[in-house]
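The next block is protein.csv, given as CSV, N, CA and C atoms.
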chain,number,residue,atom,x,y,z
A,14,MET,N,231.9,27.9,111.4
A,14,MET,CA,232.2,27.2,110.2
A,14,MET,C,230.9,27.2,109.3
A,15,ILE,N,229.8,27.0,109.9
A,15,ILE,CA,228.5,27.0,109.1
A,15,ILE,C,228.2,28.3,108.6
A,16,ALA,N,228.4,29.4,109.4
A,16,ALA,CA,228.1,30.7,109.0
A,16,ALA,C,229.0,31.1,107.8
A,17,ARG,N,230.3,30.7,107.8
A,17,ARG,CA,231.2,31.0,106.7
A,17,ARG,C,230.7,30.3,105.4
A,18,HIS,N,230.3,29.0,105.5
A,18,HIS,CA,229.8,28.3,104.4
A,18,HIS,C,228.5,28.9,103.8
A,19,GLN,N,227.6,29.4,104.7
A,19,GLN,CA,226.4,30.1,104.2
A,19,GLN,C,226.8,31.4,103.5
A,20,GLU,N,227.8,32.1,104.1
A,20,GLU,CA,228.2,33.4,103.4
A,20,GLU,C,228.7,33.1,102.0
A,21,HIS,N,229.6,32.1,101.9
A,21,HIS,CA,230.1,31.7,100.6
A,21,HIS,C,229.0,31.3,99.7
A,22,LYS,N,228.1,30.6,100.2
A,22,LYS,CA,226.9,30.1,99.3
A,22,LYS,C,226.1,31.3,98.9
A,23,ALA,N,225.9,32.3,99.7
A,23,ALA,CA,225.2,33.5,99.4
A,23,ALA,C,225.9,34.3,98.3
A,24,LEU,N,227.2,34.3,98.2
A,24,LEU,CA,227.9,35.1,97.3
A,24,LEU,C,228.0,34.3,95.9
A,25,HIS,N,227.8,33.1,95.9
A,25,HIS,CA,227.8,32.3,94.7
A,25,HIS,C,226.7,32.7,93.8
A,26,HIS,N,226.9,32.9,92.5
A,26,HIS,CA,225.9,33.2,91.5
A,26,HIS,C,225.7,32.2,90.5
A,27,THR,N,224.6,32.2,89.9
A,27,THR,CA,224.3,31.2,88.8
A,27,THR,C,224.8,31.7,87.5
A,28,HIS,N,225.4,30.9,86.7
A,28,HIS,CA,226.0,31.2,85.4
A,28,HIS,C,224.8,31.0,84.4
A,29,ALA,N,224.2,32.1,84.1
A,29,ALA,CA,223.0,32.0,83.1
A,29,ALA,C,223.2,33.2,82.1
A,30,VAL,N,223.7,32.9,80.9
A,30,VAL,CA,223.9,33.9,79.9
A,30,VAL,C,222.6,34.2,79.3
A,31,ASP,N,222.4,35.5,79.1
A,31,ASP,CA,221.2,36.0,78.4
A,31,ASP,C,221.6,36.4,77.0
A,32,PRO,N,221.4,35.4,76.0
A,32,PRO,CA,221.9,35.6,74.6
A,32,PRO,C,221.4,36.9,74.0
A,33,LYS,N,220.2,37.3,74.2
A,33,LYS,CA,219.6,38.5,73.6
A,33,LYS,C,220.4,39.7,74.1
A,34,THR,N,220.6,39.8,75.4
A,34,THR,CA,221.3,41.0,75.9
A,34,THR,C,222.8,41.0,75.5
A,35,VAL,N,223.4,39.8,75.4
A,35,VAL,CA,224.8,39.7,75.0
A,35,VAL,C,224.9,40.2,73.5
A,36,ARG,N,224.0,39.8,72.6
A,36,ARG,CA,224.0,40.2,71.2
A,36,ARG,C,223.8,41.7,71.1
A,37,ARG,N,222.9,42.2,71.9
A,37,ARG,CA,222.6,43.7,71.8
A,37,ARG,C,223.8,44.5,72.3
A,38,VAL,N,224.4,44.1,73.4
A,38,VAL,CA,225.5,44.9,73.9
A,38,VAL,C,226.7,44.7,73.0
A,39,ARG,N,227.0,43.5,72.6
A,39,ARG,CA,228.1,43.2,71.7
A,39,ARG,C,228.0,44.1,70.4
A,40,ALA,N,226.8,44.2,69.9
A,40,ALA,CA,226.6,45.0,68.7
A,40,ALA,C,226.9,46.5,68.9
A,41,GLN,N,226.8,46.9,70.1
A,41,GLN,CA,227.1,48.3,70.5
A,41,GLN,C,228.5,48.6,70.9
A,42,LEU,N,229.3,47.6,71.0
A,42,LEU,CA,230.7,47.8,71.3
A,42,LEU,C,231.4,48.6,70.3
A,43,LYS,N,232.4,49.4,70.7
A,43,LYS,CA,233.2,50.2,69.8
A,43,LYS,C,234.3,49.3,69.2
A,44,LEU,N,234.9,49.8,68.1
A,44,LEU,CA,236.0,49.1,67.5
A,44,LEU,C,237.2,49.0,68.5
A,45,ASP,N,238.0,47.9,68.3
A,45,ASP,CA,239.1,47.8,69.2
A,45,ASP,C,240.1,49.0,69.2
A,46,GLU,N,240.2,49.6,68.0
A,46,GLU,CA,241.1,50.7,67.9
A,46,GLU,C,240.6,51.9,68.8
A,47,THR,N,239.3,52.1,68.8
A,47,THR,CA,238.7,53.1,69.6
A,47,THR,C,238.9,52.8,71.1
A,48,MET,N,238.7,51.6,71.5
A,48,MET,CA,238.9,51.2,72.9
A,48,MET,C,240.3,51.3,73.3
A,49,ASP,N,241.2,51.0,72.4
A,49,ASP,CA,242.7,51.1,72.7
A,49,ASP,C,243.0,52.6,73.0
A,50,LEU,N,242.5,53.5,72.1
A,50,LEU,CA,242.7,54.9,72.3
A,50,LEU,C,242.1,55.4,73.6
A,51,LEU,N,241.0,54.9,74.0
A,51,LEU,CA,240.3,55.3,75.2
A,51,LEU,C,241.2,54.8,76.4
A,52,ALA,N,241.7,53.6,76.3
A,52,ALA,CA,242.5,53.1,77.4
A,52,ALA,C,243.8,53.9,77.5
A,53,GLU,N,244.4,54.3,76.4
A,53,GLU,CA,245.6,55.1,76.4
A,53,GLU,C,245.3,56.5,77.0
A,54,THR,N,244.1,57.0,76.8
A,54,THR,CA,243.8,58.3,77.4
A,54,THR,C,243.7,58.2,78.9
A,55,PHE,N,243.0,57.1,79.4
A,55,PHE,CA,243.0,56.9,80.8
A,55,PHE,C,244.3,56.6,81.4
A,56,LYS,N,245.1,55.9,80.7
A,56,LYS,CA,246.5,55.6,81.1
A,56,LYS,C,247.3,56.9,81.3
A,57,ALA,N,247.1,57.8,80.4
A,57,ALA,CA,247.8,59.1,80.5
A,57,ALA,C,247.3,59.8,81.7
A,58,LEU,N,246.1,59.8,82.0
A,58,LEU,CA,245.5,60.4,83.2
A,58,LEU,C,245.9,59.7,84.5
A,59,GLY,N,246.4,58.5,84.3
A,59,GLY,CA,246.8,57.7,85.5
A,59,GLY,C,248.1,58.0,86.1
A,60,ASP,N,248.9,58.9,85.4
A,60,ASP,CA,250.2,59.3,85.9
A,60,ASP,C,250.0,60.7,86.6
A,61,PRO,N,250.4,60.7,87.9
A,61,PRO,CA,250.2,62.0,88.7
A,61,PRO,C,250.8,63.2,88.0
A,62,ALA,N,252.0,63.1,87.4
A,62,ALA,CA,252.6,64.2,86.8
A,62,ALA,C,251.8,64.8,85.7
A,63,ARG,N,251.3,63.8,84.8
A,63,ARG,CA,250.5,64.3,83.7
A,63,ARG,C,249.2,64.8,84.1
A,64,ALA,N,248.6,64.2,85.2
A,64,ALA,CA,247.3,64.7,85.7
A,64,ALA,C,247.5,66.2,86.2
A,65,LYS,N,248.6,66.4,86.9
A,65,LYS,CA,248.8,67.8,87.4
A,65,LYS,C,249.0,68.8,86.2
A,66,ILE,N,249.7,68.3,85.2
A,66,ILE,CA,249.9,69.2,84.0
A,66,ILE,C,248.6,69.5,83.4
A,67,LEU,N,247.8,68.5,83.2
A,67,LEU,CA,246.5,68.7,82.5
A,67,LEU,C,245.6,69.6,83.4
A,68,TYR,N,245.6,69.4,84.7
A,68,TYR,CA,244.8,70.2,85.6
A,68,TYR,C,245.3,71.7,85.5
A,69,ALA,N,246.6,71.9,85.5
A,69,ALA,CA,247.1,73.3,85.3
A,69,ALA,C,246.7,73.9,84.0
A,70,LEU,N,246.7,73.1,82.9
A,70,LEU,CA,246.3,73.6,81.6
A,70,LEU,C,244.8,73.8,81.5
A,71,ALA,N,244.0,73.2,82.4
A,71,ALA,CA,242.6,73.5,82.4
A,71,ALA,C,242.3,74.9,83.0
A,72,ARG,N,243.3,75.4,83.6
A,72,ARG,CA,243.2,76.8,84.2
A,72,ARG,C,243.7,77.9,83.3
A,73,ALA,N,244.8,77.6,82.5
A,73,ALA,CA,245.4,78.6,81.7
A,73,ALA,C,246.3,77.9,80.6
A,74,GLU,N,246.5,78.7,79.6
A,74,GLU,CA,247.5,78.3,78.6
A,74,GLU,C,248.8,78.6,79.2
A,75,LEU,N,249.8,77.7,79.1
A,75,LEU,CA,251.0,77.8,79.8
A,75,LEU,C,252.2,77.4,79.0
A,76,CYS,N,253.4,78.0,79.3
A,76,CYS,CA,254.6,77.5,78.6
A,76,CYS,C,255.3,76.5,79.5
A,77,VAL,N,256.3,75.8,79.0
A,77,VAL,CA,256.9,74.7,79.8
A,77,VAL,C,257.5,75.2,81.1
A,78,CYS,N,258.2,76.4,81.0
A,78,CYS,CA,258.8,76.9,82.3
A,78,CYS,C,257.8,77.2,83.3
A,79,ASP,N,256.6,77.8,83.0
A,79,ASP,CA,255.5,78.0,83.9
A,79,ASP,C,255.0,76.7,84.5
A,80,LEU,N,254.8,75.7,83.6
A,80,LEU,CA,254.3,74.4,84.0
A,80,LEU,C,255.2,73.8,85.0
A,81,ALA,N,256.5,73.9,84.7
A,81,ALA,CA,257.5,73.3,85.6
A,81,ALA,C,257.4,73.9,87.0
A,82,GLU,N,257.3,75.2,87.1
A,82,GLU,CA,257.2,75.9,88.4
A,82,GLU,C,255.9,75.4,89.1
A,83,ILE,N,254.8,75.4,88.3
A,83,ILE,CA,253.5,75.0,88.9
A,83,ILE,C,253.5,73.6,89.5
A,84,VAL,N,254.0,72.6,88.7
A,84,VAL,CA,253.9,71.2,89.1
A,84,VAL,C,255.1,70.8,89.9
A,85,GLY,N,256.1,71.6,90.0
A,85,GLY,CA,257.3,71.2,90.8
A,85,GLY,C,258.2,70.2,90.2
A,86,ALA,N,258.4,70.3,88.9
A,86,ALA,CA,259.2,69.3,88.1
A,86,ALA,C,260.2,70.1,87.2
A,87,SER,N,261.2,69.4,86.7
A,87,SER,CA,262.1,70.1,85.8
A,87,SER,C,261.4,70.4,84.5
A,88,GLU,N,262.0,71.3,83.7
A,88,GLU,CA,261.4,71.6,82.4
A,88,GLU,C,261.6,70.4,81.5
A,89,SER,N,262.7,69.7,81.6
A,89,SER,CA,262.8,68.5,80.7
A,89,SER,C,261.8,67.4,81.1
A,90,ALA,N,261.5,67.3,82.3
A,90,ALA,CA,260.5,66.3,82.7
A,90,ALA,C,259.1,66.7,82.2
A,91,VAL,N,258.8,68.0,82.3
A,91,VAL,CA,257.5,68.5,81.8
A,91,VAL,C,257.4,68.3,80.3
A,92,SER,N,258.5,68.7,79.6
A,92,SER,CA,258.5,68.5,78.2
A,92,SER,C,258.3,67.1,77.8
A,93,HIS,N,258.9,66.1,78.5
A,93,HIS,CA,258.7,64.7,78.2
A,93,HIS,C,257.2,64.4,78.3
A,94,GLN,N,256.6,64.8,79.4
A,94,GLN,CA,255.2,64.5,79.7
A,94,GLN,C,254.3,65.2,78.6
A,95,LEU,N,254.6,66.4,78.2
A,95,LEU,CA,253.9,67.1,77.2
A,95,LEU,C,254.0,66.4,75.8
A,96,ARG,N,255.1,65.8,75.5
A,96,ARG,CA,255.2,65.0,74.3
A,96,ARG,C,254.2,63.8,74.3
A,97,ILE,N,254.1,63.2,75.4
A,97,ILE,CA,253.1,62.1,75.5
A,97,ILE,C,251.7,62.6,75.4
A,98,LEU,N,251.4,63.7,76.0
A,98,LEU,CA,250.1,64.2,76.0
A,98,LEU,C,249.7,64.7,74.6
A,99,ARG,N,250.7,65.3,73.9
A,99,ARG,CA,250.5,65.8,72.5
A,99,ARG,C,250.2,64.6,71.6
A,100,ALA,N,251.0,63.5,71.8
A,100,ALA,CA,250.8,62.3,70.9
A,100,ALA,C,249.4,61.7,71.1
A,101,LEU,N,248.9,61.8,72.3
A,101,LEU,CA,247.5,61.3,72.5
A,101,LEU,C,246.4,62.4,72.2
A,102,ARG,N,246.9,63.5,71.7
A,102,ARG,CA,246.0,64.6,71.3
A,102,ARG,C,245.2,65.2,72.5
A,103,LEU,N,245.8,65.2,73.7
A,103,LEU,CA,245.1,65.7,74.9
A,103,LEU,C,245.5,67.2,75.1
A,104,VAL,N,246.6,67.6,74.5
A,104,VAL,CA,247.0,69.0,74.5
A,104,VAL,C,247.4,69.5,73.2
A,105,THR,N,247.4,70.8,73.0
A,105,THR,CA,247.8,71.4,71.7
A,105,THR,C,248.9,72.4,72.1
A,106,HIS,N,249.5,73.0,71.1
A,106,HIS,CA,250.5,74.0,71.4
A,106,HIS,C,250.5,75.1,70.3
A,107,ARG,N,250.9,76.2,70.7
A,107,ARG,CA,251.1,77.3,69.7
A,107,ARG,C,252.4,78.0,70.0
A,108,ARG,N,253.0,78.5,68.9
A,108,ARG,CA,254.3,79.2,69.1
A,108,ARG,C,254.0,80.7,69.0
A,109,ASP,N,254.7,81.4,69.9
A,109,ASP,CA,254.7,82.9,69.9
A,109,ASP,C,256.1,83.3,70.0
A,110,GLY,N,256.7,83.6,68.8
A,110,GLY,CA,258.1,83.9,68.7
A,110,GLY,C,258.9,82.6,69.1
A,111,ARG,N,259.7,82.8,70.1
A,111,ARG,CA,260.5,81.6,70.6
A,111,ARG,C,259.8,80.8,71.7
A,112,GLN,N,258.7,81.3,72.2
A,112,GLN,CA,258.0,80.7,73.3
A,112,GLN,C,256.9,79.7,72.7
A,113,VAL,N,256.7,78.6,73.3
A,113,VAL,CA,255.7,77.7,73.0
A,113,VAL,C,254.7,77.6,74.1
A,114,TYR,N,253.4,77.7,73.8
A,114,TYR,CA,252.4,77.7,74.9
A,114,TYR,C,251.5,76.4,74.6
A,115,TYR,N,251.1,75.8,75.7
A,115,TYR,CA,250.3,74.6,75.7
A,115,TYR,C,248.9,74.9,76.3
A,116,ALA,N,248.0,74.1,75.7
A,116,ALA,CA,246.6,74.2,76.2
A,116,ALA,C,245.9,72.9,76.1
A,117,LEU,N,244.8,72.7,76.8
A,117,LEU,CA,244.0,71.4,76.6
A,117,LEU,C,243.5,71.4,75.1
A,118,ALA,N,243.5,70.2,74.6
A,118,ALA,CA,243.1,70.1,73.2
A,118,ALA,C,241.6,70.5,72.9
A,119,ASP,N,240.8,70.2,73.9
A,119,ASP,CA,239.3,70.6,73.7
A,119,ASP,C,238.6,70.4,75.1
A,120,ASP,N,237.3,70.8,75.0
A,120,ASP,CA,236.5,70.8,76.2
A,120,ASP,C,236.2,69.4,76.7
A,121,HIS,N,236.4,68.3,75.9
A,121,HIS,CA,236.2,67.0,76.3
A,121,HIS,C,237.2,66.6,77.4
A,122,ILE,N,238.4,67.1,77.3
A,122,ILE,CA,239.5,66.8,78.2
A,122,ILE,C,239.2,67.5,79.5
A,123,ARG,N,238.7,68.8,79.4
A,123,ARG,CA,238.4,69.5,80.6
A,123,ARG,C,237.2,68.8,81.4
A,124,THR,N,236.2,68.3,80.6
A,124,THR,CA,235.1,67.6,81.2
A,124,THR,C,235.6,66.3,81.9
A,125,LEU,N,236.4,65.6,81.2
A,125,LEU,CA,237.0,64.3,81.7
A,125,LEU,C,237.7,64.6,83.1
A,126,LEU,N,238.5,65.6,83.1
A,126,LEU,CA,239.2,66.0,84.3
A,126,LEU,C,238.2,66.4,85.4
A,127,ALA,N,237.3,67.2,85.1
A,127,ALA,CA,236.3,67.7,86.1
A,127,ALA,C,235.5,66.5,86.7
A,128,GLN,N,235.1,65.6,85.8
A,128,GLN,CA,234.3,64.5,86.3
A,128,GLN,C,235.1,63.5,87.1
A,129,GLY,N,236.4,63.3,86.7
A,129,GLY,CA,237.3,62.5,87.5
A,129,GLY,C,237.5,63.1,88.9
A,130,LEU,N,237.7,64.4,88.9
A,130,LEU,CA,237.9,65.0,90.2
A,130,LEU,C,236.7,64.9,91.1
A,131,ASP,N,235.5,65.2,90.5
A,131,ASP,CA,234.3,65.0,91.2
A,131,ASP,C,234.2,63.6,91.9
A,132,HIS,N,234.5,62.6,91.1
A,132,HIS,CA,234.5,61.2,91.5
A,132,HIS,C,235.4,61.0,92.7
A,133,VAL,N,236.7,61.4,92.6
A,133,VAL,CA,237.6,61.1,93.7
A,133,VAL,C,237.4,62.0,94.9
A,134,GLU,N,236.9,63.2,94.7
A,134,GLU,CA,236.7,64.1,95.9
A,134,GLU,C,235.5,63.6,96.7
A,135,GLU,N,234.7,62.8,96.2
A,135,GLU,CA,233.6,62.2,97.0
A,135,GLU,C,234.2,61.4,98.1
A,136,PHE,N,235.4,60.8,97.9
A,136,PHE,CA,235.9,59.9,98.9
A,136,PHE,C,236.9,60.6,99.9
A,137,LEU,N,237.1,61.9,99.6
A,137,LEU,CA,238.1,62.6,100.5
A,137,LEU,C,237.4,63.3,101.7
Show how you would write the structure in this file as structure tokens.
Amino acid sequence: MIARHQEHKALHHTHAVDPKTVRRVRAQLKLDETMDLLAETFKALGDPARAKILYALARAELCVCDLAEIVGASESAVSHQLRILRALRLVTHRRDGRQVYYALADDHIRTLLAQGLDHVEEFL
């Protein structure tokens, strides 16, 4: 019982706000709109189906039918996910006749995916 009390006591921290640091960091915060978009981007990456689609698009420009085959989903499911990714400006598309091809919007998305994978693969 004493050891448990001492452990709890060791984990307890003192509440001492550093006003100078708080002001400095608060002044550097991004606007709420920016943070909302950042959170939406990570939310999009938080869905395994969308993560697979983005990973595939990091390797090649692909049409819906190819993406569906690669990720093992129906074309309608892939189209639905692509609409979400397009709305968040994570992917772009181009039309070639009747076919529509999708690609990552820019290298920021490729870098975000690569760094995320580096992070999770450390634990595998």
*By how many Å are atom C of Arg107 (chain A) and CA of Cys76 (chain A) apart?*
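Separating atom C of Arg107 (chain A) from CA of Cys76 (chain A) is a distance of 8.9 Å.
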_Please list as a PyMOL selection string every residue within 8 Å of His106 (chain A), counting only N, CA and C atoms and excluding residues in the same chain fewer than 5 positions away._
chain A and resi 99+113-118
For the residues in that selection, give me N, CA and C atoms as a PDB file, keeping the file's coordinate frame.
ATOM      1  N   ARG A  99     250.700  65.300  73.900  1.00  0.00           N
ATOM      2  CA  ARG A  99     250.500  65.800  72.500  1.00  0.00           C
ATOM      3  C   ARG A  99     250.200  64.600  71.600  1.00  0.00           C
ATOM      4  N   VAL A 113     256.700  78.600  73.300  1.00  0.00           N
ATOM      5  CA  VAL A 113     255.700  77.700  73.000  1.00  0.00           C
ATOM      6  C   VAL A 113     254.700  77.600  74.100  1.00  0.00           C
ATOM      7  N   TYR A 114     253.400  77.700  73.800  1.00  0.00           N
ATOM      8  CA  TYR A 114     252.400  77.700  74.900  1.00  0.00           C
ATOM      9  C   TYR A 114     251.500  76.400  74.600  1.00  0.00           C
ATOM     10  N   TYR A 115     251.100  75.800  75.700  1.00  0.00           N
ATOM     11  CA  TYR A 115     250.300  74.600  75.700  1.00  0.00           C
ATOM     12  C   TYR A 115     248.900  74.900  76.300  1.00  0.00           C
ATOM     13  N   ALA A 116     248.000  74.100  75.700  1.00  0.00           N
ATOM     14  CA  ALA A 116     246.600  74.200  76.200  1.00  0.00           C
ATOM     15  C   ALA A 116     245.900  72.900  76.100  1.00  0.00           C
ATOM     16  N   LEU A 117     244.800  72.700  76.800  1.00  0.00           N
ATOM     17  CA  LEU A 117     244.000  71.400  76.600  1.00  0.00           C
ATOM     18  C   LEU A 117     243.500  71.400  75.100  1.00  0.00           C
ATOM     19  N   ALA A 118     243.500  70.200  74.600  1.00  0.00           N
ATOM     20  CA  ALA A 118     243.100  70.100  73.200  1.00  0.00           C
ATOM     21  C   ALA A 118     241.600  70.500  72.900  1.00  0.00           C
TER      22      ALA A 118
END
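For the residues A:His121, A:Ile66, A:Lys56, A:Asp31, ranking by smallest atom-to-atom distance to Leu95 (chain A) using all atoms listed in the file places A:Ile66 first.
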_Among listed residues A:Leu67, A:Leu50, A:Val133, A:Leu44, nearest Leu98 (chain A) (using only C-alpha atoms)_ = A:Leu67
*Measuring atom to atom with only C-alpha atoms, identify which of A:Ala52, A:Leu126, A:Leu42, A:Leu101 is nearest to Ala69 (chain A).*
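Of all the options, A:Leu126 lies closest to Ala69 (chain A).
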*Determine which residues of chain A receive a DSSP assignment of strand (DSSP E), computed from the backbone, and state them as an MDAnalysis selection string.*
chainID A and resid 75:76 104:109 112:117
*Members of chain A assigned alpha helix (DSSP H) by DSSP, as number ranges by chain*: A: 15-24, 32-41, 45-58, 61-70, 77-84, 88-100, 120-134
For region 75-105 of chain A of the structure just presented, write C-alpha atoms to a file, as a JSON list (two decimals), in the first residue's frame.
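So selection-v6.json came out as:
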[["chain", "number", "residue", "atom", "x", "y", "z"],
["A", 75, "LEU", "CA", -4.98, 5.29, -61.51],
["A", 76, "CYS", "CA", -8.58, 5.06, -62.67],
["A", 77, "VAL", "CA", -11.42, 3.93, -60.38],
["A", 78, "CYS", "CA", -11.55, 0.42, -61.84],
["A", 79, "ASP", "CA", -7.80, -0.10, -61.27],
["A", 80, "LEU", "CA", -8.03, 1.32, -57.74],
["A", 81, "ALA", "CA", -10.96, -0.99, -56.96],
["A", 82, "GLU", "CA", -8.92, -4.02, -58.06],
["A", 83, "ILE", "CA", -5.85, -2.89, -56.11],
["A", 84, "VAL", "CA", -7.61, -2.14, -52.80],
["A", 85, "GLY", "CA", -10.18, -4.93, -53.06],
["A", 86, "ALA", "CA", -13.31, -2.78, -52.98],
["A", 87, "SER", "CA", -16.19, -2.08, -55.32],
["A", 88, "GLU", "CA", -15.91, 0.74, -57.82],
["A", 89, "SER", "CA", -18.78, 2.57, -56.12],
["A", 90, "ALA", "CA", -17.02, 2.33, -52.73],
["A", 91, "VAL", "CA", -13.78, 3.64, -54.25],
["A", 92, "SER", "CA", -15.66, 6.46, -56.01],
["A", 93, "HIS", "CA", -17.25, 7.44, -52.71],
["A", 94, "GLN", "CA", -13.85, 7.57, -50.99],
["A", 95, "LEU", "CA", -12.37, 9.54, -53.88],
["A", 96, "ARG", "CA", -15.12, 12.16, -53.55],
["A", 97, "ILE", "CA", -14.11, 12.66, -49.93],
["A", 98, "LEU", "CA", -10.41, 12.83, -50.83],
["A", 99, "ARG", "CA", -11.11, 15.31, -53.64],
["A", 100, "ALA", "CA", -13.18, 17.52, -51.33],
["A", 101, "LEU", "CA", -10.21, 17.66, -48.97],
["A", 102, "ARG", "CA", -7.91, 18.41, -51.93],
["A", 103, "LEU", "CA", -5.81, 15.32, -51.25],
["A", 104, "VAL", "CA", -6.29, 13.95, -54.77],
["A", 105, "THR", "CA", -6.79, 15.45, -58.20]]
